[in-house]
file my_file07.txt (compact mmCIF, N, CA and C atoms)
# COMPACT_ATOMS: atom_id res chain seq x y z
N MET C 196 7.73 49.47 47.45
CA MET C 196 7.56 48.52 46.36
C MET C 196 8.89 48.37 45.63
N ILE C 197 9.23 47.15 45.21
CA ILE C 197 10.49 46.86 44.54
C ILE C 197 10.31 47.01 43.04
N ALA C 198 11.18 47.82 42.43
CA ALA C 198 11.14 48.00 40.99
C ALA C 198 11.73 46.77 40.31
N GLN C 199 11.30 46.51 39.08
CA GLN C 199 11.76 45.33 38.34
C GLN C 199 13.28 45.32 38.20
N GLU C 200 13.90 46.48 37.93
CA GLU C 200 15.35 46.51 37.75
C GLU C 200 16.10 46.23 39.05
N ASP C 201 15.43 46.34 40.20
CA ASP C 201 16.07 46.05 41.48
C ASP C 201 16.08 44.56 41.81
N LEU C 202 15.38 43.77 41.04
CA LEU C 202 15.29 42.35 41.34
C LEU C 202 16.57 41.58 41.02
N SER C 203 17.36 42.09 40.11
CA SER C 203 18.62 41.45 39.79
C SER C 203 19.75 42.45 39.99
N THR C 204 20.50 42.22 41.02
CA THR C 204 21.65 43.06 41.32
C THR C 204 22.86 42.15 41.47
N PRO C 205 24.07 42.72 41.42
CA PRO C 205 25.24 41.86 41.61
C PRO C 205 25.18 41.07 42.92
N ALA C 206 24.70 41.67 43.99
CA ALA C 206 24.62 40.97 45.27
C ALA C 206 23.65 39.79 45.19
N ILE C 207 22.53 39.98 44.54
CA ILE C 207 21.57 38.89 44.39
C ILE C 207 22.15 37.80 43.49
N ASP C 208 22.84 38.21 42.44
CA ASP C 208 23.46 37.24 41.55
C ASP C 208 24.50 36.41 42.29
N VAL C 209 25.31 37.05 43.15
CA VAL C 209 26.31 36.34 43.93
C VAL C 209 25.63 35.42 44.95
N ALA C 210 24.55 35.88 45.56
CA ALA C 210 23.84 35.08 46.56
C ALA C 210 23.14 33.87 45.94
N PHE C 211 22.85 33.92 44.66
CA PHE C 211 22.19 32.81 43.97
C PHE C 211 23.09 31.59 43.86
N VAL C 212 24.38 31.81 43.70
CA VAL C 212 25.32 30.72 43.46
C VAL C 212 25.43 29.74 44.64
N PRO C 213 25.52 30.22 45.89
CA PRO C 213 25.59 29.25 47.00
C PRO C 213 24.40 28.30 47.03
N ASP C 214 23.23 28.79 46.69
CA ASP C 214 22.06 27.90 46.66
C ASP C 214 22.27 26.78 45.65
N ARG C 215 22.83 27.13 44.50
CA ARG C 215 23.10 26.11 43.48
C ARG C 215 24.17 25.14 43.94
N LEU C 216 25.21 25.67 44.61
CA LEU C 216 26.30 24.81 45.09
C LEU C 216 25.81 23.81 46.13
N LEU C 217 24.96 24.28 47.02
CA LEU C 217 24.53 23.46 48.14
C LEU C 217 23.39 22.51 47.79
N ALA C 218 22.85 22.66 46.59
CA ALA C 218 21.69 21.85 46.20
C ALA C 218 22.02 20.39 45.91
N SER C 219 23.27 20.13 45.56
CA SER C 219 23.57 18.74 45.17
C SER C 219 24.91 18.26 45.73
N ASP C 220 24.87 17.67 46.89
CA ASP C 220 26.01 17.01 47.52
C ASP C 220 27.33 17.76 47.36
N PRO C 221 27.44 18.94 47.96
CA PRO C 221 28.65 19.75 47.80
C PRO C 221 29.85 19.17 48.55
N SER C 222 31.03 19.46 48.02
CA SER C 222 32.26 19.09 48.71
C SER C 222 32.48 20.08 49.86
N ASP C 223 33.46 19.78 50.70
CA ASP C 223 33.77 20.70 51.80
C ASP C 223 34.19 22.06 51.28
N SER C 224 35.00 22.09 50.21
CA SER C 224 35.44 23.38 49.67
C SER C 224 34.27 24.15 49.06
N GLU C 225 33.31 23.45 48.46
CA GLU C 225 32.13 24.12 47.92
C GLU C 225 31.27 24.70 49.05
N ARG C 226 31.18 24.00 50.16
CA ARG C 226 30.43 24.52 51.32
C ARG C 226 31.07 25.81 51.85
N VAL C 227 32.39 25.79 51.97
CA VAL C 227 33.10 26.97 52.47
C VAL C 227 32.95 28.13 51.49
N THR C 228 33.08 27.85 50.21
CA THR C 228 32.91 28.89 49.19
C THR C 228 31.50 29.45 49.24
N ALA C 229 30.51 28.59 49.40
CA ALA C 229 29.12 29.04 49.49
C ALA C 229 28.93 29.96 50.71
N GLU C 230 29.50 29.58 51.84
CA GLU C 230 29.39 30.42 53.03
C GLU C 230 30.03 31.79 52.81
N LEU C 231 31.20 31.80 52.18
CA LEU C 231 31.89 33.05 51.90
C LEU C 231 31.08 33.93 50.95
N LEU C 232 30.56 33.35 49.89
CA LEU C 232 29.75 34.13 48.95
C LEU C 232 28.47 34.65 49.62
N ASN C 233 27.86 33.84 50.47
CA ASN C 233 26.68 34.31 51.21
C ASN C 233 27.03 35.50 52.09
N TYR C 234 28.16 35.42 52.77
CA TYR C 234 28.59 36.52 53.64
C TYR C 234 28.83 37.80 52.83
N VAL C 235 29.55 37.67 51.73
CA VAL C 235 29.83 38.85 50.90
C VAL C 235 28.53 39.44 50.37
N ALA C 236 27.63 38.61 49.89
CA ALA C 236 26.36 39.10 49.36
C ALA C 236 25.52 39.77 50.45
N ALA C 237 25.51 39.21 51.64
CA ALA C 237 24.72 39.78 52.74
C ALA C 237 25.28 41.11 53.22
N ASN C 238 26.56 41.31 53.01
CA ASN C 238 27.21 42.55 53.45
C ASN C 238 27.73 43.35 52.26
N TRP C 239 27.05 43.26 51.15
CA TRP C 239 27.48 43.84 49.88
C TRP C 239 27.85 45.31 50.01
N ASP C 240 27.02 46.08 50.67
CA ASP C 240 27.25 47.53 50.77
C ASP C 240 28.49 47.87 51.60
N LYS C 241 28.95 46.94 52.40
CA LYS C 241 30.12 47.18 53.24
C LYS C 241 31.42 46.72 52.59
N GLN C 242 31.32 46.01 51.47
CA GLN C 242 32.51 45.47 50.81
C GLN C 242 33.10 46.50 49.85
N ASP C 243 34.43 46.44 49.68
CA ASP C 243 35.06 47.35 48.73
C ASP C 243 34.90 46.79 47.31
N HIS C 244 35.14 47.66 46.35
CA HIS C 244 34.91 47.31 44.95
C HIS C 244 35.72 46.09 44.49
N PRO C 245 37.03 45.99 44.82
CA PRO C 245 37.78 44.80 44.38
C PRO C 245 37.19 43.49 44.94
N LEU C 246 36.73 43.50 46.18
CA LEU C 246 36.15 42.28 46.74
C LEU C 246 34.84 41.94 46.04
N ARG C 247 34.05 42.95 45.73
CA ARG C 247 32.80 42.70 44.99
C ARG C 247 33.10 42.07 43.63
N GLU C 248 34.07 42.63 42.93
CA GLU C 248 34.42 42.10 41.62
C GLU C 248 34.94 40.66 41.74
N HIS C 249 35.72 40.40 42.75
CA HIS C 249 36.25 39.05 42.95
C HIS C 249 35.12 38.07 43.24
N ALA C 250 34.18 38.46 44.08
CA ALA C 250 33.04 37.60 44.39
C ALA C 250 32.22 37.31 43.13
N GLN C 251 32.03 38.31 42.30
CA GLN C 251 31.29 38.11 41.05
C GLN C 251 32.04 37.15 40.13
N ALA C 252 33.36 37.29 40.05
CA ALA C 252 34.16 36.40 39.20
C ALA C 252 34.08 34.95 39.70
N ILE C 253 34.16 34.77 41.00
CA ILE C 253 34.05 33.42 41.58
C ILE C 253 32.67 32.83 41.28
N ALA C 254 31.65 33.64 41.46
CA ALA C 254 30.28 33.17 41.20
C ALA C 254 30.11 32.75 39.74
N ARG C 255 30.62 33.57 38.82
CA ARG C 255 30.51 33.22 37.39
C ARG C 255 31.27 31.93 37.09
N ALA C 256 32.47 31.80 37.62
CA ALA C 256 33.28 30.60 37.37
C ALA C 256 32.59 29.35 37.91
N LEU C 257 32.01 29.46 39.09
CA LEU C 257 31.33 28.30 39.67
C LEU C 257 30.10 27.91 38.86
N LEU C 258 29.37 28.91 38.36
CA LEU C 258 28.20 28.61 37.54
C LEU C 258 28.60 27.93 36.24
N GLN C 259 29.68 28.40 35.63
CA GLN C 259 30.16 27.78 34.39
C GLN C 259 30.62 26.35 34.66
N GLN C 260 31.28 26.16 35.77
CA GLN C 260 31.78 24.84 36.15
C GLN C 260 30.63 23.85 36.36
N ARG C 261 29.54 24.34 36.92
CA ARG C 261 28.38 23.49 37.23
C ARG C 261 27.48 23.23 36.03
N SER C 262 27.65 24.03 34.97
CA SER C 262 26.77 23.90 33.79
C SER C 262 27.13 22.74 32.92
call {"tool": "encode", "arguments": {"input": "my_file07.txt", "output": "structure tokens"}}
result
Amino acid sequence: MIAQEDLSTPAIDVAFVPDRLLASDPSDSERVTAELLNYVAANWDKQDHPLREHAQAIARALLQQRS
């Protein structure tokens, strides 16, 4: 069973952004960024800490840009 605190993790937060990017006529660079963020999120446990932090920063910036 999944605990409530496990429902929101940095990997899930990063994986959420590509869905938002791809939902409304994305540019080619947005598609590539979405694919990269999906890859990082899917392989979160294999990524080093600096890459995780960078992915989170990109995700936050993209969300702010889209708001």
call {"tool": "residues_around", "arguments": {"input": "my_file07.txt", "residues": "Ala254 in chain C", "least_positions_apart": "4", "cutoff": "8 Å", "atoms": "only C-alpha atoms", "output": "compact mmCIF listing (two decimals) with N, CA and C atoms, in the coordinates of the input"}}
result
# COMPACT_ATOMS: atom_id res chain seq x y z
N ASP C 208 22.84 38.21 42.44
CA ASP C 208 23.46 37.24 41.55
C ASP C 208 24.50 36.41 42.29
N VAL C 209 25.31 37.05 43.15
CA VAL C 209 26.31 36.34 43.93
C VAL C 209 25.63 35.42 44.95
N VAL C 212 24.38 31.81 43.70
CA VAL C 212 25.32 30.72 43.46
C VAL C 212 25.43 29.74 44.64
N LEU C 232 30.56 33.35 49.89
CA LEU C 232 29.75 34.13 48.95
C LEU C 232 28.47 34.65 49.62
N ALA C 250 34.18 38.46 44.08
CA ALA C 250 33.04 37.60 44.39
C ALA C 250 32.22 37.31 43.13
N LEU C 258 29.37 28.91 38.36
CA LEU C 258 28.20 28.61 37.54
C LEU C 258 28.60 27.93 36.24
call {"tool": "atom_distance", "arguments": {"input": "my_file07.txt", "atom1": "atom C of Pro213 in chain C", "atom2": "atom N of Arg261 in chain C"}}
result
12.0 Å
call {"tool": "residues_near_point", "arguments": {"input": "my_file07.txt", "point": "(27.0, 25.1, 45.2)", "cutoff": "12 Å", "atoms": "only C-alpha atoms", "output": "CSV table (one decimal) with N, CA and C atoms, in the frame of the given file"}}
result
chain,number,residue,atom,x,y,z
C,209,VAL,N,25.3,37.0,43.2
C,209,VAL,CA,26.3,36.3,43.9
C,209,VAL,C,25.6,35.4,45.0
C,210,ALA,N,24.6,35.9,45.6
C,210,ALA,CA,23.8,35.1,46.6
C,210,ALA,C,23.1,33.9,45.9
C,211,PHE,N,22.8,33.9,44.7
C,211,PHE,CA,22.2,32.8,44.0
C,211,PHE,C,23.1,31.6,43.9
C,212,VAL,N,24.4,31.8,43.7
C,212,VAL,CA,25.3,30.7,43.5
C,212,VAL,C,25.4,29.7,44.6
C,213,PRO,N,25.5,30.2,45.9
C,213,PRO,CA,25.6,29.2,47.0
C,213,PRO,C,24.4,28.3,47.0
C,214,ASP,N,23.2,28.8,46.7
C,214,ASP,CA,22.1,27.9,46.7
C,214,ASP,C,22.3,26.8,45.6
C,215,ARG,N,22.8,27.1,44.5
C,215,ARG,CA,23.1,26.1,43.5
C,215,ARG,C,24.2,25.1,43.9
C,216,LEU,N,25.2,25.7,44.6
C,216,LEU,CA,26.3,24.8,45.1
C,216,LEU,C,25.8,23.8,46.1
C,217,LEU,N,25.0,24.3,47.0
C,217,LEU,CA,24.5,23.5,48.1
C,217,LEU,C,23.4,22.5,47.8
C,218,ALA,N,22.8,22.7,46.6
C,218,ALA,CA,21.7,21.8,46.2
C,218,ALA,C,22.0,20.4,45.9
C,219,SER,N,23.3,20.1,45.6
C,219,SER,CA,23.6,18.7,45.2
C,219,SER,C,24.9,18.3,45.7
C,220,ASP,N,24.9,17.7,46.9
C,220,ASP,CA,26.0,17.0,47.5
C,220,ASP,C,27.3,17.8,47.4
C,221,PRO,N,27.4,18.9,48.0
C,221,PRO,CA,28.6,19.8,47.8
C,221,PRO,C,29.8,19.2,48.6
C,222,SER,N,31.0,19.5,48.0
C,222,SER,CA,32.3,19.1,48.7
C,222,SER,C,32.5,20.1,49.9
C,223,ASP,N,33.5,19.8,50.7
C,223,ASP,CA,33.8,20.7,51.8
C,223,ASP,C,34.2,22.1,51.3
C,224,SER,N,35.0,22.1,50.2
C,224,SER,CA,35.4,23.4,49.7
C,224,SER,C,34.3,24.2,49.1
C,225,GLU,N,33.3,23.4,48.5
C,225,GLU,CA,32.1,24.1,47.9
C,225,GLU,C,31.3,24.7,49.0
C,226,ARG,N,31.2,24.0,50.2
C,226,ARG,CA,30.4,24.5,51.3
C,226,ARG,C,31.1,25.8,51.8
C,227,VAL,N,32.4,25.8,52.0
C,227,VAL,CA,33.1,27.0,52.5
C,227,VAL,C,33.0,28.1,51.5
C,228,THR,N,33.1,27.8,50.2
C,228,THR,CA,32.9,28.9,49.2
C,228,THR,C,31.5,29.4,49.2
C,229,ALA,N,30.5,28.6,49.4
C,229,ALA,CA,29.1,29.0,49.5
C,229,ALA,C,28.9,30.0,50.7
C,230,GLU,N,29.5,29.6,51.8
C,230,GLU,CA,29.4,30.4,53.0
C,230,GLU,C,30.0,31.8,52.8
C,231,LEU,N,31.2,31.8,52.2
C,231,LEU,CA,31.9,33.0,51.9
C,231,LEU,C,31.1,33.9,51.0
C,232,LEU,N,30.6,33.4,49.9
C,232,LEU,CA,29.8,34.1,49.0
C,232,LEU,C,28.5,34.6,49.6
C,233,ASN,N,27.9,33.8,50.5
C,233,ASN,CA,26.7,34.3,51.2
C,233,ASN,C,27.0,35.5,52.1
C,253,ILE,N,34.2,34.8,41.0
C,253,ILE,CA,34.0,33.4,41.6
C,253,ILE,C,32.7,32.8,41.3
C,254,ALA,N,31.6,33.6,41.5
C,254,ALA,CA,30.3,33.2,41.2
C,254,ALA,C,30.1,32.8,39.7
C,255,ARG,N,30.6,33.6,38.8
C,255,ARG,CA,30.5,33.2,37.4
C,255,ARG,C,31.3,31.9,37.1
C,256,ALA,N,32.5,31.8,37.6
C,256,ALA,CA,33.3,30.6,37.4
C,256,ALA,C,32.6,29.4,37.9
C,257,LEU,N,32.0,29.5,39.1
C,257,LEU,CA,31.3,28.3,39.7
C,257,LEU,C,30.1,27.9,38.9
C,258,LEU,N,29.4,28.9,38.4
C,258,LEU,CA,28.2,28.6,37.5
C,258,LEU,C,28.6,27.9,36.2
C,259,GLN,N,29.7,28.4,35.6
C,259,GLN,CA,30.2,27.8,34.4
C,259,GLN,C,30.6,26.4,34.7
C,260,GLN,N,31.3,26.2,35.8
C,260,GLN,CA,31.8,24.8,36.2
C,260,GLN,C,30.6,23.8,36.4
C,261,ARG,N,29.5,24.3,36.9
C,261,ARG,CA,28.4,23.5,37.2
C,261,ARG,C,27.5,23.2,36.0
C,262,SER,N,27.6,24.0,35.0
C,262,SER,CA,26.8,23.9,33.8
C,262,SER,C,27.1,22.7,32.9
call {"tool": "atom_distance", "arguments": {"input": "my_file07.txt", "atom1": "atom C of Asn238 in chain C", "atom2": "atom N of Ala206 in chain C"}}
result
9.0 Å
call {"tool": "atom_distance", "arguments": {"input": "my_file07.txt", "atom1": "CA of Glu248 in chain C", "atom2": "CA of Ala236 in chain C"}}
result
11.6 Å
call {"tool": "axis_aligned_box", "arguments": {"input": "my_file07.txt", "around": "range 244-262 of chain C", "padding_each_side": "4 Å", "output": "AutoDock Vina command-line options"}}
result
--center_x 32.3 --center_y 35.2 --center_z 39.8 --size_x 19.0 --size_y 32.9 --size_z 21.8
